[in-house]
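To be precise, the following lines are input_7.cif, and they hold mmCIF, C-alpha atoms and all ligand atoms.
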data_target
loop_
_atom_site.label_atom_id
_atom_site.label_comp_id
_atom_site.auth_asym_id
_atom_site.auth_seq_id
_atom_site.Cartn_x
_atom_site.Cartn_y
_atom_site.Cartn_z
CA MET A 1 11.93 -1.36 -27.66
CA ILE A 2 12.50 2.05 -26.04
CA THR A 3 9.74 4.44 -24.99
CA ALA A 4 10.20 7.98 -23.66
CA VAL A 5 7.28 9.49 -21.75
CA PHE A 6 7.49 13.30 -21.62
CA GLY A 7 5.42 15.07 -18.96
CA ASP A 8 5.10 18.55 -17.50
CA ALA A 9 6.45 17.17 -14.25
CA LEU A 10 7.44 13.97 -12.48
CA LEU A 11 6.38 13.24 -8.91
CA ASP A 12 8.38 10.87 -6.74
CA PRO A 13 6.06 9.87 -3.87
CA ALA A 14 9.00 8.64 -1.79
CA THR A 15 10.68 12.05 -1.59
CA GLU A 16 7.67 14.25 -2.52
CA GLN A 17 9.99 15.82 -5.07
CA LEU A 18 8.33 17.34 -8.15
CA THR A 19 10.67 17.60 -11.13
CA PRO A 20 9.45 19.97 -13.87
CA ARG A 21 9.83 19.12 -17.59
CA ALA A 22 10.45 15.47 -16.96
CA VAL A 23 10.96 12.31 -18.96
CA VAL A 24 10.80 8.61 -18.12
CA VAL A 25 12.80 6.35 -20.44
CA ILE A 26 11.65 2.73 -20.56
CA GLU A 27 13.54 -0.03 -22.33
CA ASP A 28 12.08 -3.51 -22.71
CA GLY A 29 9.51 -2.75 -20.06
CA VAL A 30 11.95 -1.45 -17.44
CA VAL A 31 12.86 2.12 -16.45
CA VAL A 32 16.39 2.98 -17.54
CA ALA A 33 16.29 6.67 -16.59
CA SER A 34 13.86 9.26 -15.22
CA GLY A 35 14.07 12.92 -14.22
CA ALA A 36 14.55 16.38 -15.73
CA ARG A 37 14.73 16.35 -19.54
CA ASP A 38 17.82 18.56 -19.50
CA HIS A 39 19.76 15.89 -17.62
CA ILE A 40 18.65 12.77 -19.43
CA GLY A 41 19.81 11.65 -22.84
CA VAL A 42 16.85 10.11 -24.66
CA PRO A 43 18.08 7.48 -27.17
CA ALA A 44 17.52 8.51 -30.80
CA GLY A 45 15.27 5.56 -31.67
CA ALA A 46 12.95 5.97 -28.67
CA THR A 47 9.19 6.13 -29.32
CA PRO A 48 8.01 9.39 -27.74
CA ILE A 49 4.81 9.74 -25.70
CA ASP A 50 4.09 13.44 -25.35
CA ALA A 51 2.08 13.69 -22.13
CA GLY A 52 2.06 17.48 -22.14
CA GLY A 53 -0.19 18.90 -19.43
CA LEU A 54 0.29 15.90 -17.16
CA THR A 55 2.25 15.15 -14.04
CA LEU A 56 3.82 11.70 -14.25
CA MET A 57 4.14 9.35 -11.30
CA PRO A 58 4.62 5.62 -10.71
CA GLY A 59 1.65 3.32 -11.32
CA LEU A 60 -0.41 2.69 -8.19
CA VAL A 61 -0.45 -0.51 -6.14
CA ASP A 62 -3.55 -1.99 -4.46
CA SER A 63 -2.68 -4.60 -1.82
CA HIS A 64 -6.14 -6.15 -1.55
CA VAL A 65 -8.54 -6.80 -4.42
CA HIS A 66 -10.73 -9.67 -5.62
CA LEU A 67 -10.75 -9.61 -9.41
CA ARG A 68 -13.13 -12.55 -9.64
CA SER A 69 -15.95 -10.75 -7.81
CA ARG A 70 -17.99 -8.36 -9.87
CA GLY A 71 -18.27 -5.69 -7.20
CA ASN A 72 -21.97 -5.05 -7.74
CA GLY A 73 -23.24 -6.47 -4.46
CA ARG A 74 -24.59 -9.87 -3.55
CA ASP A 75 -27.67 -11.34 -5.14
CA LEU A 76 -27.98 -14.95 -3.99
CA ALA A 77 -30.28 -16.00 -6.85
CA GLU A 78 -27.84 -14.53 -9.34
CA GLN A 79 -24.98 -16.42 -7.68
CA LEU A 80 -26.90 -19.68 -8.07
CA ALA A 81 -27.23 -18.97 -11.79
CA THR A 82 -23.53 -18.21 -12.31
CA PRO A 83 -21.42 -21.04 -13.76
CA PRO A 84 -17.83 -21.27 -12.40
CA SER A 85 -16.33 -20.29 -15.77
CA LEU A 86 -18.33 -17.05 -15.75
CA TRP A 87 -17.08 -16.31 -12.24
CA VAL A 88 -13.52 -16.54 -13.52
CA LEU A 89 -14.29 -14.42 -16.59
CA ASN A 90 -15.47 -11.63 -14.26
CA ALA A 91 -11.73 -11.03 -13.88
CA VAL A 92 -11.40 -9.84 -17.50
CA PRO A 93 -13.35 -6.55 -17.24
CA ALA A 94 -12.22 -6.21 -13.61
CA ALA A 95 -8.55 -6.35 -14.58
CA ARG A 96 -9.02 -3.79 -17.35
CA ALA A 97 -10.95 -1.36 -15.13
CA THR A 98 -8.32 -1.67 -12.39
CA LEU A 99 -5.48 -0.94 -14.79
CA GLU A 100 -7.31 1.98 -16.40
CA ALA A 101 -7.80 3.52 -12.95
CA GLY A 102 -4.00 3.69 -12.68
CA PHE A 103 -3.46 0.56 -10.59
CA THR A 104 -0.70 -1.22 -12.45
CA ALA A 105 0.05 -3.81 -9.74
CA VAL A 106 -2.34 -5.51 -7.32
CA ARG A 107 -2.43 -8.36 -4.84
CA ASP A 108 -5.50 -10.52 -5.25
CA ALA A 109 -6.67 -11.60 -1.81
CA GLY A 110 -8.40 -14.80 -2.80
CA GLY A 111 -10.86 -16.36 -5.22
CA THR A 112 -8.90 -15.62 -8.38
CA PRO A 113 -7.05 -18.62 -9.81
CA ALA A 114 -3.43 -18.31 -10.93
CA GLY A 115 -4.54 -18.75 -14.55
CA VAL A 116 -5.86 -15.17 -14.51
CA LYS A 117 -2.38 -13.90 -13.68
CA MET A 118 -0.88 -16.10 -16.41
CA ALA A 119 -3.43 -14.84 -18.96
CA ILE A 120 -2.58 -11.19 -18.21
CA GLU A 121 1.15 -11.96 -18.42
CA ARG A 122 0.56 -13.59 -21.81
CA GLY A 123 -1.38 -10.58 -23.05
CA TYR A 124 -4.76 -12.33 -23.44
CA PHE A 125 -6.37 -9.24 -21.93
CA PRO A 126 -5.10 -6.07 -20.27
CA GLY A 127 -4.66 -6.02 -16.52
CA PRO A 128 -2.34 -5.07 -13.71
CA ARG A 129 0.62 -7.11 -12.54
CA LEU A 130 -0.72 -9.64 -10.08
CA LYS A 131 0.26 -11.50 -6.99
CA VAL A 132 -2.45 -13.98 -6.09
CA ALA A 133 -3.54 -15.76 -2.92
CA VAL A 134 -5.71 -18.14 -5.04
CA THR A 135 -8.02 -18.88 -2.10
CA GLY A 136 -8.69 -17.61 1.42
CA LEU A 137 -8.51 -20.33 4.04
CA SER A 138 -10.99 -20.36 6.89
CA GLN A 139 -12.39 -22.81 9.40
CA THR A 140 -15.70 -24.61 8.96
CA GLY A 141 -18.38 -21.94 9.20
CA GLY A 142 -15.74 -19.23 8.77
CA HIS A 143 -15.50 -16.36 6.29
CA THR A 144 -14.84 -18.43 3.17
CA ASP A 145 -17.22 -21.27 4.03
CA SER A 146 -20.20 -20.23 1.95
CA HIS A 147 -22.53 -23.01 3.00
CA PHE A 148 -25.92 -21.57 3.75
CA ALA A 149 -28.40 -22.92 6.28
CA CYS A 150 -30.05 -25.04 3.58
CA GLY A 151 -26.75 -26.89 3.07
CA VAL A 152 -25.87 -25.39 -0.30
CA SER A 153 -22.45 -23.79 -0.82
CA LEU A 154 -22.33 -20.77 -3.12
CA THR A 155 -18.59 -20.90 -3.72
CA PRO A 156 -18.19 -22.47 -7.15
CA ALA A 157 -15.66 -25.30 -7.20
CA LEU A 158 -12.80 -24.73 -9.61
CA PRO A 159 -10.28 -27.49 -10.34
CA ASP A 160 -7.28 -25.24 -9.65
CA VAL A 161 -8.59 -23.49 -6.54
CA PRO A 162 -8.17 -25.67 -3.41
CA SER A 163 -11.12 -25.83 -1.02
CA PRO A 164 -11.05 -22.81 1.27
CA VAL A 165 -12.39 -24.66 4.34
CA VAL A 166 -9.84 -26.33 6.59
CA ASP A 167 -9.71 -27.40 10.25
CA GLY A 168 -6.78 -28.71 12.28
CA VAL A 169 -3.03 -28.26 12.18
CA ASP A 170 -2.07 -31.08 9.82
CA PRO A 171 -4.89 -30.44 7.33
CA MET A 172 -3.82 -26.78 7.38
CA ARG A 173 -0.24 -27.73 6.48
CA LYS A 174 -1.50 -29.81 3.58
CA ARG A 175 -3.93 -27.13 2.35
CA VAL A 176 -1.19 -24.50 2.37
CA ARG A 177 0.99 -26.83 0.30
CA GLU A 178 -1.90 -27.41 -2.12
CA THR A 179 -2.52 -23.68 -2.39
CA ILE A 180 1.13 -23.05 -3.19
CA ARG A 181 0.96 -25.85 -5.75
CA ALA A 182 -2.01 -24.02 -7.29
CA GLY A 183 0.22 -20.98 -7.84
CA ALA A 184 -0.25 -18.84 -4.71
CA ASP A 185 2.25 -16.01 -4.28
CA TRP A 186 0.69 -15.17 -0.90
CA LEU A 187 -1.32 -17.25 1.54
CA LYS A 188 -4.55 -15.81 2.87
CA LEU A 189 -6.06 -16.88 6.18
CA CYS A 190 -9.26 -15.73 7.84
CA THR A 191 -8.46 -15.29 11.53
CA SER A 192 -11.81 -13.70 12.31
CA GLY A 193 -15.37 -13.64 11.12
CA ALA A 194 -16.51 -11.16 8.51
CA VAL A 195 -19.26 -8.96 7.14
CA LEU A 196 -20.05 -10.81 3.91
CA SER A 197 -20.18 -14.38 5.24
CA PRO A 198 -23.45 -15.95 6.38
CA ASN A 199 -22.32 -17.95 9.43
CA ASP A 200 -19.85 -15.87 11.43
CA MET A 201 -19.43 -12.52 13.15
CA PRO A 202 -16.64 -9.98 12.55
CA HIS A 203 -15.83 -9.70 16.27
CA HIS A 204 -15.22 -13.45 16.74
CA PRO A 205 -11.77 -14.93 16.21
CA THR A 206 -11.50 -17.93 13.87
CA LEU A 207 -8.77 -20.54 13.38
CA THR A 208 -6.65 -21.46 16.39
CA LEU A 209 -3.25 -19.98 17.09
CA GLU A 210 -1.76 -23.40 16.27
CA GLU A 211 -3.52 -23.57 12.91
CA ILE A 212 -2.35 -20.07 12.00
CA ARG A 213 1.22 -20.87 13.11
CA ALA A 214 1.24 -24.03 11.00
CA ALA A 215 0.15 -22.04 7.95
CA VAL A 216 2.79 -19.36 8.51
CA GLU A 217 5.50 -22.03 8.88
CA GLU A 218 4.46 -23.91 5.76
CA ALA A 219 4.22 -20.70 3.76
CA ALA A 220 7.64 -19.52 4.97
CA ALA A 221 9.22 -22.85 4.10
CA GLN A 222 8.40 -22.09 0.47
CA GLY A 223 9.22 -18.38 0.59
CA ARG A 224 5.66 -17.11 0.98
CA LYS A 225 4.11 -14.74 3.47
CA VAL A 226 0.65 -14.82 4.99
CA MET A 227 -2.04 -12.16 4.91
CA ALA A 228 -4.78 -12.37 7.52
CA HIS A 229 -8.35 -11.28 7.10
CA ALA A 230 -8.52 -10.10 10.73
CA GLN A 231 -11.33 -7.94 12.05
CA ALA A 232 -11.84 -9.18 15.65
CA ASN A 233 -9.32 -7.99 18.21
CA THR A 234 -8.41 -11.54 19.26
CA GLY A 235 -8.22 -12.60 15.62
CA ILE A 236 -5.80 -9.75 14.92
CA LYS A 237 -3.62 -10.67 17.91
CA ASN A 238 -3.61 -14.39 17.10
CA ALA A 239 -2.50 -13.56 13.57
CA LEU A 240 0.26 -11.26 14.80
CA ARG A 241 1.49 -13.78 17.40
CA ALA A 242 1.63 -16.47 14.74
CA GLY A 243 3.73 -14.24 12.46
CA VAL A 244 1.43 -13.15 9.63
CA ALA A 245 2.82 -10.30 7.53
CA THR A 246 -0.27 -8.20 6.93
CA ILE A 247 -3.49 -7.50 8.81
CA GLU A 248 -6.41 -6.96 6.44
CA HIS A 249 -9.28 -4.69 7.57
CA GLY A 250 -8.23 -4.54 11.27
CA ILE A 251 -11.59 -3.33 12.54
CA TRP A 252 -10.81 -3.67 16.24
CA LEU A 253 -7.18 -2.71 16.80
CA ASP A 254 -6.28 -1.63 20.32
CA GLY A 255 -3.12 -0.31 21.95
CA ASP A 256 -1.65 -3.79 22.43
CA ALA A 257 -2.31 -4.83 18.83
CA ILE A 258 -0.80 -1.56 17.59
CA GLU A 259 2.30 -2.16 19.71
CA MET A 260 2.66 -5.69 18.33
CA MET A 261 2.42 -4.31 14.78
CA LEU A 262 4.96 -1.57 15.45
CA ASP A 263 7.40 -3.94 17.16
CA ALA A 264 7.36 -6.45 14.31
CA GLY A 265 6.99 -3.94 11.45
CA ARG A 266 3.73 -5.52 10.30
CA ALA A 267 1.44 -3.68 7.90
CA LEU A 268 -2.25 -2.83 8.09
CA ILE A 269 -4.36 -2.86 4.92
CA PRO A 270 -7.46 -0.91 6.03
CA THR A 271 -9.91 -1.35 3.08
CA LEU A 272 -12.06 1.48 4.50
CA VAL A 273 -14.10 1.66 1.33
CA ALA A 274 -15.37 -1.94 1.63
CA PRO A 275 -18.01 -1.48 4.39
CA LEU A 276 -19.10 1.67 2.58
CA TRP A 277 -19.86 -0.40 -0.52
CA VAL A 278 -21.71 -3.02 1.53
CA ILE A 279 -24.00 -0.24 2.74
CA ARG A 280 -24.35 1.28 -0.76
CA HIS A 281 -25.22 -2.10 -2.29
CA ALA A 282 -27.75 -2.67 0.50
CA GLU A 283 -29.42 0.62 -0.42
CA GLN A 284 -29.76 -0.71 -3.99
CA GLY A 285 -31.28 -3.95 -2.71
CA ARG A 286 -28.20 -5.96 -3.66
CA MET A 287 -27.02 -7.16 -0.28
CA PRO A 288 -28.56 -9.76 2.05
CA SER A 289 -29.90 -8.10 5.19
CA TRP A 290 -27.51 -9.94 7.53
CA ALA A 291 -24.49 -8.62 5.61
CA ALA A 292 -25.88 -5.09 5.47
CA GLU A 293 -26.50 -5.14 9.23
CA LYS A 294 -22.95 -6.32 9.92
CA GLY A 295 -21.55 -3.68 7.52
CA ARG A 296 -23.39 -0.88 9.28
CA ALA A 297 -22.44 -2.21 12.71
CA VAL A 298 -18.67 -2.21 12.05
CA PHE A 299 -18.45 1.03 10.06
CA GLU A 300 -17.59 3.52 12.82
CA ASP A 301 -15.42 1.08 14.82
CA HIS A 302 -13.42 0.41 11.66
CA ARG A 303 -12.78 4.11 11.13
CA ALA A 304 -11.76 4.61 14.76
CA SER A 305 -9.40 1.64 14.54
CA VAL A 306 -7.71 2.89 11.37
CA ARG A 307 -7.48 6.42 12.78
CA LEU A 308 -5.65 5.00 15.80
CA ALA A 309 -3.28 3.09 13.50
CA ILE A 310 -2.54 6.26 11.49
CA GLU A 311 -1.91 8.30 14.64
CA SER A 312 0.34 5.57 16.04
CA GLY A 313 2.51 5.37 12.92
CA VAL A 314 1.62 1.82 11.91
CA LYS A 315 2.78 0.93 8.41
CA ILE A 316 -0.33 1.25 6.24
CA ALA A 317 -0.46 -0.20 2.75
CA PHE A 318 -3.21 0.88 0.39
CA GLY A 319 -5.89 -1.76 -0.16
CA THR A 320 -9.54 -1.63 -1.06
CA ASP A 321 -11.17 -5.08 -1.11
CA THR A 322 -12.42 -4.07 -4.56
CA GLY A 323 -14.75 -6.81 -5.71
CA VAL A 324 -16.88 -5.76 -2.76
CA GLY A 325 -17.11 -2.37 -4.54
CA PRO A 326 -16.76 -1.93 -8.33
CA HIS A 327 -13.40 -2.42 -10.01
CA GLY A 328 -11.77 0.83 -11.05
CA SER A 329 -13.18 2.69 -8.05
CA ASN A 330 -10.12 1.78 -5.96
CA GLY A 331 -8.93 5.38 -5.65
CA GLU A 332 -11.80 6.38 -3.37
CA GLU A 333 -9.80 4.77 -0.55
CA PHE A 334 -7.33 7.70 -0.78
CA MET A 335 -10.04 10.14 0.29
CA LEU A 336 -11.13 7.95 3.21
CA MET A 337 -7.58 7.53 4.53
CA HIS A 338 -7.03 11.28 4.18
CA GLU A 339 -10.27 11.97 6.09
CA LEU A 340 -8.90 9.93 9.00
CA GLY A 341 -5.77 12.04 9.26
CA MET A 342 -3.30 10.59 6.80
CA SER A 343 -1.35 13.28 4.92
CA THR A 344 -1.67 13.38 1.13
CA ALA A 345 2.00 12.39 0.81
CA ASP A 346 1.50 9.38 3.11
CA CYS A 347 -1.65 8.41 1.18
CA LEU A 348 0.35 8.42 -2.06
CA ARG A 349 3.22 6.48 -0.48
CA SER A 350 0.78 3.91 0.91
CA ALA A 351 -0.21 3.09 -2.70
CA THR A 352 3.30 3.25 -4.10
CA THR A 353 6.47 2.62 -2.08
CA VAL A 354 4.76 1.19 1.02
CA ALA A 355 2.41 -1.19 -0.82
CA ALA A 356 5.24 -2.27 -3.14
CA GLU A 357 7.47 -3.09 -0.18
CA VAL A 358 4.70 -4.89 1.70
CA VAL A 359 3.45 -6.96 -1.24
CA GLY A 360 6.92 -7.85 -2.54
CA TRP A 361 7.68 -5.46 -5.39
CA GLU A 362 10.17 -3.23 -3.58
CA GLY A 363 12.24 -1.21 -6.03
CA ARG A 364 10.12 -2.49 -8.95
CA ALA A 365 6.67 -0.96 -8.37
CA GLY A 366 5.75 2.34 -6.70
CA THR A 367 8.89 4.02 -8.01
CA LEU A 368 10.32 5.13 -11.36
CA THR A 369 13.97 4.78 -10.45
CA GLN A 370 16.27 2.76 -12.65
CA GLY A 371 15.32 -0.91 -12.74
CA ALA A 372 11.64 -0.33 -11.83
CA PHE A 373 8.77 -1.62 -13.94
CA GLY A 374 7.97 0.85 -16.71
CA ASP A 375 4.58 1.58 -15.15
CA VAL A 376 3.69 5.28 -15.33
CA ILE A 377 0.47 7.19 -14.82
CA GLY A 378 -0.29 10.80 -15.72
CA VAL A 379 -2.68 13.23 -14.04
CA ALA A 380 -3.48 16.88 -14.80
CA GLY A 381 -1.92 18.50 -11.74
CA ASN A 382 -0.06 17.71 -8.56
CA PRO A 383 -1.71 14.91 -6.55
CA LEU A 384 0.14 16.10 -3.42
CA GLU A 385 -2.11 19.16 -3.60
CA ASP A 386 -5.23 17.40 -4.85
CA LEU A 387 -5.76 13.73 -4.04
CA GLU A 388 -8.88 13.69 -6.25
CA LEU A 389 -6.46 13.44 -9.18
CA VAL A 390 -5.74 9.82 -8.25
CA ALA A 391 -9.01 9.11 -6.45
CA ARG A 392 -11.12 8.76 -9.57
CA ALA A 393 -10.41 6.64 -12.61
CA GLU A 394 -11.47 9.38 -15.04
CA ASN A 395 -8.83 11.71 -13.58
CA VAL A 396 -6.07 9.28 -14.49
CA ARG A 397 -5.48 10.36 -18.09
CA LEU A 398 -2.45 8.27 -18.99
CA VAL A 399 -1.57 4.72 -18.01
CA VAL A 400 1.59 3.04 -19.25
CA LYS A 401 2.41 -0.52 -18.20
CA GLY A 402 5.81 -1.98 -19.01
CA GLY A 403 6.43 0.82 -21.49
CA GLN A 404 3.16 0.16 -23.37
CA VAL A 405 0.38 2.73 -23.43
CA VAL A 406 -2.83 1.20 -22.12
CA LYS A 407 -4.84 4.41 -21.63
CA TRP A 408 -4.17 7.80 -23.13
CA GLU A 409 -6.84 10.45 -23.16
CA GLU A 410 -4.83 12.98 -25.08
CA GLN A 411 -7.65 15.39 -25.89
CA VAL A 412 -8.87 15.46 -22.32
CA ALA A 413 -5.34 15.85 -21.03
CA ARG A 414 -4.61 18.78 -23.34
CA GLY A 415 -7.94 20.42 -22.57
CA ALA A 416 -7.07 20.36 -18.89
CA SER A 417 -3.49 21.42 -19.49
CA PRO A 418 -2.34 24.48 -17.53
CA ALA A 419 -1.42 26.98 -20.29
ZN ZN B 1 -11.04 -9.31 0.81
#
Entire entry expressed as structure tokens:
Amino acid sequence: MITAVFGDALLDPATEQLTPRAVVVIEDGVVVASGARDHIGVPAGATPIDAGGLTLMPGLVDSHVHLRSRGNGRDLAEQLATPPSLWVLNAVPAARATLEAGFTAVRDAGGTPAGVKMAIERGYFPGPRLKVAVTGLSQTGGHTDSHFACGVSLTPALPDVPSPVVDGVDPMRKRVRETIRAGADWLKLCTSGAVLSPNDMPHHPTLTLEEIRAAVEEAAAQGRKVMAHAQANTGIKNALRAGVATIEHGIWLDGDAIEMMLDAGRALIPTLVAPLWVIRHAEQGRMPSWAAEKGRAVFEDHRASVRLAIESGVKIAFGTDTGVGPHGSNGEEFMLMHELGMSTADCLRSATTVAAEVVGWEGRAGTLTQGAFGDVIGVAGNPLEDLELVARAENVRLVVKGGQVVKWEEQVARGASPA
């Protein structure tokens, strides 16, 4: 099947080039040609999508989401009343909302079993392309150990999600192997404490250097990379020394950590919007007080850390930790990165070419060159001039995934069309 998407213009985030009167031709889900209509022969049998009034660009990539979390805060009583199957089914509306916000490919940073990815691939429900970490591994009492003081754990046990709690080098090797067996594309480690966990602090390192190294080795042996939830300075440095590929959150980067990242070409995934949502949920009474306090305490340090990373030229891949905040609100992160000094073009690249390269979709996602996934979004204007066009789900008028239209607000698009 061949689809031809016609737009007023086509934006390539890599080059910042805006091509007027553009078309993207997609055959069997893959881009076969894209560019100015005058230069591209559209096959006679192609199904046309007339996205007049819209600027086309590649679908967006989010490097850090949690589709299994609802994103409406934490209510401990509600968690106790949630059966494991319902936790998994949270991923259905989450996946749809993510896709409809223009995010056609995401990396799930833990909690979502591989079956969710398989279900989307089989068309059971709409959702973005997925790479999954399946679980996030932490030490006893660490970020993913959700035992509370009373002794009850609030992480529901699922048969195909290995236990997230692991201590020691050999158990770590085994748990990484089990996680890969459970379908992990990426491994996720928690090398520091966190905001949303009951028993740790964001500024404390967790897991030993040896444990992290063992995980990186085991992952690499089977062609996987490791992402590290790393907020504490020492936790960030341990992760970098051990060879993790991406630093998630990075609340306390310093000059040395930045240098280590630059030297090894490692990426930071800031998730600036996550502490903001912790505070917002707290204001609605949907966040335990200890988490709200930690969220408020890290907020400014986090911003200063990410600002330093931007100024220093660290590779920054777009990521939101959505699941803390509501699914589909991912784009707000663009505005926060921009506020801290990132240019609009770099913001757009962080969610296209950079995220695709970092997560493992280089040349397939974040671009509409030949051979890329046929994932196209359309917005009413040039996002290089107005980031709001990609920052809010309702501004993303057209979403095409693999050549199939999944969202098309034609009336709205035409109403907003520049005459
Ligand atoms: Zn996360």
May I have the protein, DNA and RNA residues with any atom at most 8 Å from the point (-16.7, -13.7, -7.7), counting all atoms listed in the file, written as a CSV table (one decimal) with C-alpha atoms, keeping the file's coordinate frame?
chain,number,residue,atom,x,y,z
A,66,HIS,CA,-10.7,-9.7,-5.6
A,67,LEU,CA,-10.8,-9.6,-9.4
A,68,ARG,CA,-13.1,-12.6,-9.6
A,69,SER,CA,-16.0,-10.8,-7.8
A,70,ARG,CA,-18.0,-8.4,-9.9
A,87,TRP,CA,-17.1,-16.3,-12.2
A,88,VAL,CA,-13.5,-16.5,-13.5
A,90,ASN,CA,-15.5,-11.6,-14.3
A,111,GLY,CA,-10.9,-16.4,-5.2
A,323,GLY,CA,-14.8,-6.8,-5.7
Using only C-alpha atoms, which of the listed residues (A:Trp361, A:His143, A:Ser63, A:Ser192) sits closest to Ala267 of chain A? A:Ser63
Counting all atoms listed in the file, give me one row per residue of segment 275-358 of chain A with an atom at most 12 Å from an atom of segment 215-238 of chain A, showing the shortest contact pair and its distance in Å to one decimal, sorted by chain then residue number, as a tab-separated table.
residue	atom	partner	partner_atom	distance
A:Lys294	CA	A:Gln231	CA	11.9
A:Gly295	CA	A:Gln231	CA	12.0
A:Val298	CA	A:Gln231	CA	9.3
A:Phe299	CA	A:Gln231	CA	11.6
A:Asp301	CA	A:Gln231	CA	10.3
A:His302	CA	A:Gln231	CA	8.6
A:Ser305	CA	A:Gln231	CA	10.1
A:Val306	CA	A:Gln231	CA	11.4
A:Asp321	CA	A:His229	CA	10.7
A:Val358	CA	A:Lys225	CA	10.0
Leaving out Arg241 of chain A and any residue of its chain fewer than 2 positions from it, which residues lie within 10 Å of it when counting only C-alpha atoms, given as a ChimeraX atom specification? /A:209,212-213,235-239,243-244,257,260-261,264
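We find atom CA of Leu10 of chain A and atom CA of Lys315 of chain A to be spaced 25.1 Å apart.
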Exercise answer, 9 Å around ligand ZN 1 (chain B) with only C-alpha atoms and all ligand atoms, as a VMD selection string: chain A and resid 64 to 66 108 to 110 136 229 248 to 249 271 274 320 to 324
What does the file look like for those residues with C-alpha atoms, as a short mmCIF file (atom, residue, chain, number, x, y, z; two decimals), keeping the file's coordinate frame?
data_model
loop_
_atom_site.label_atom_id
_atom_site.label_comp_id
_atom_site.auth_asym_id
_atom_site.auth_seq_id
_atom_site.Cartn_x
_atom_site.Cartn_y
_atom_site.Cartn_z
CA HIS A 64 -6.14 -6.15 -1.55
CA VAL A 65 -8.54 -6.80 -4.42
CA HIS A 66 -10.73 -9.67 -5.62
CA ASP A 108 -5.50 -10.52 -5.25
CA ALA A 109 -6.67 -11.60 -1.81
CA GLY A 110 -8.40 -14.80 -2.80
CA GLY A 136 -8.69 -17.61 1.42
CA HIS A 229 -8.35 -11.28 7.10
CA GLU A 248 -6.41 -6.96 6.44
CA HIS A 249 -9.28 -4.69 7.57
CA THR A 271 -9.91 -1.35 3.08
CA ALA A 274 -15.37 -1.94 1.63
CA THR A 320 -9.54 -1.63 -1.06
CA ASP A 321 -11.17 -5.08 -1.11
CA THR A 322 -12.42 -4.07 -4.56
CA GLY A 323 -14.75 -6.81 -5.71
CA VAL A 324 -16.88 -5.76 -2.76
#
Among the residues A:Leu340, A:Ala4, A:Gly285, A:Ala157, the one that comes closest to Glu27 of chain A [using only C-alpha atoms]: A:Ala4
Best match for closeness to Val42 of chain A among A:Val165, A:Met335, A:Val25, A:Leu80, counting all atoms listed in the file: A:Val25
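Closest approach to Lys117 of chain A among A:Ala22, A:Leu158, A:Ala77, A:Ala184: A:Ala184, based on all atoms listed in the file.
If you measure from each of A:Leu60, A:Ala351, A:Val406, A:Ala114 to Thr179 of chain A using all atoms listed in the file, the closest one turns out to be A:Ala114.
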Show which residues sit within 12 Å of Trp277 of chain A, as a PyMOL selection string. Count only C-alpha atoms, and ignore same-chain residues fewer than 3 positions away. chain A and resi 71-74+195-196+271-274+280-284+286-287+291-292+295-296+299+320-327+329-330+332-333
